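Read through the structure below, which is laid out as structure tokens, and then see the notes.
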Amino acid sequence: MEAILEFFAQYPITIYMFVLAIFLGFELISKVPTVLHTPLMSGANAISGVVIIGAITLIRNTPSDDYVSLGLGFIGIVLGTINVVGGHAVTNRMLEMFKKK
């Protein structure tokens with residue numbers, strides 16, 4: 001708990017920007033029309049791929065006794081992979097609608 005409070009004390013600007021990004025992302029995504037949601041989601045898969053690469057890098061460069069960083073890296077890999085696989089399935093389904101039968 002002390003490490004978390006120390007992090008908040010050392011990096012308040014980072015925390016503020018993270019919270020602002022959450023609110024801004026929620027507002028932007030809630031304003032997107034449903035027609036554009038699927039194409040934008042397929043573009044977001046590239047971002048999830050970058051998250052996966054970053055999480056793998058985090059895990060490789062973290063000491064084995066830093067369980068918080070290892071746990072966050074693992075969660076990043078799992079959630080990024082779920083997003084990439086789900087987005088790939090939705091994008092394939094969307095593209096099949098345009099194929100001639």
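Note on naming: chains are A, B, ... as they come in the structure tokens, residues start from 1 per chain, ligands start from 1 in the order shown.
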Rows by chain and residue number, stretch 34-68 of chain A within 9 Å of stretch 77-88 of chain A, shortest pair, only C-alpha atoms, as a Markdown table:
```
| residue | atom | partner | partner_atom | distance |
| --- | --- | --- | --- | --- |
| A:Thr38 | CA | A:Gly87 | CA | 8.4 |
| A:Met41 | CA | A:Gly87 | CA | 6.4 |
| A:Ser42 | CA | A:Gly87 | CA | 5.7 |
| A:Gly43 | CA | A:Gly87 | CA | 8.9 |
| A:Ala44 | CA | A:Gly87 | CA | 8.2 |
| A:Asn45 | CA | A:Val84 | CA | 5.2 |
| A:Ala46 | CA | A:Val84 | CA | 8.0 |
| A:Ile47 | CA | A:Gly80 | CA | 8.8 |
| A:Ser48 | CA | A:Gly80 | CA | 5.1 |
| A:Gly49 | CA | A:Gly80 | CA | 6.8 |
| A:Val50 | CA | A:Gly80 | CA | 8.7 |
| A:Val51 | CA | A:Gly80 | CA | 6.3 |
| A:Ile52 | CA | A:Ile77 | CA | 5.0 |
| A:Ile53 | CA | A:Ile77 | CA | 8.1 |
| A:Gly54 | CA | A:Ile77 | CA | 8.7 |
| A:Ala55 | CA | A:Ile77 | CA | 5.9 |
| A:Ile56 | CA | A:Ile77 | CA | 7.1 |
```
Those same residues - C-alpha atoms - I'd like them written as a compact mmCIF listing (two decimals), in the first residue's frame.
```txt
# COMPACT_ATOMS: atom_id res chain seq x y z
CA THR A 38 -17.25 -1.93 -36.09
CA MET A 41 -13.05 -1.41 -33.49
CA SER A 42 -11.01 -3.18 -36.14
CA GLY A 43 -8.63 -0.22 -36.13
CA ALA A 44 -8.36 -0.44 -32.36
CA ASN A 45 -6.96 -3.95 -32.72
CA ALA A 46 -3.68 -2.43 -33.84
CA ILE A 47 -3.55 -0.50 -30.57
CA SER A 48 -4.22 -3.70 -28.64
CA GLY A 49 -1.34 -5.31 -30.48
CA VAL A 50 0.91 -2.52 -29.23
CA VAL A 51 -0.42 -3.10 -25.70
CA ILE A 52 0.49 -6.79 -25.96
CA ILE A 53 4.03 -5.98 -27.15
CA GLY A 54 4.41 -3.45 -24.32
CA ALA A 55 3.20 -5.96 -21.73
CA ILE A 56 5.60 -8.60 -23.02
```
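Atom CA of A:Met17 sits 17.8 Å away from atom CA of A:Ile29.
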Worksheet item: Quick one: distance from atom CA of A:Gly25 to atom CA of A:Ser69 in Å, one decimal?
Response: 24.5 Å
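Pairwise distance (atom CA of A:Arg60, atom CA of A:Phe18) equals 24.1 Å.
Closest to A:Thr91 among A:Thr62, A:Leu40, A:Leu20, A:Val32 is A:Leu40, based on only C-alpha atoms.
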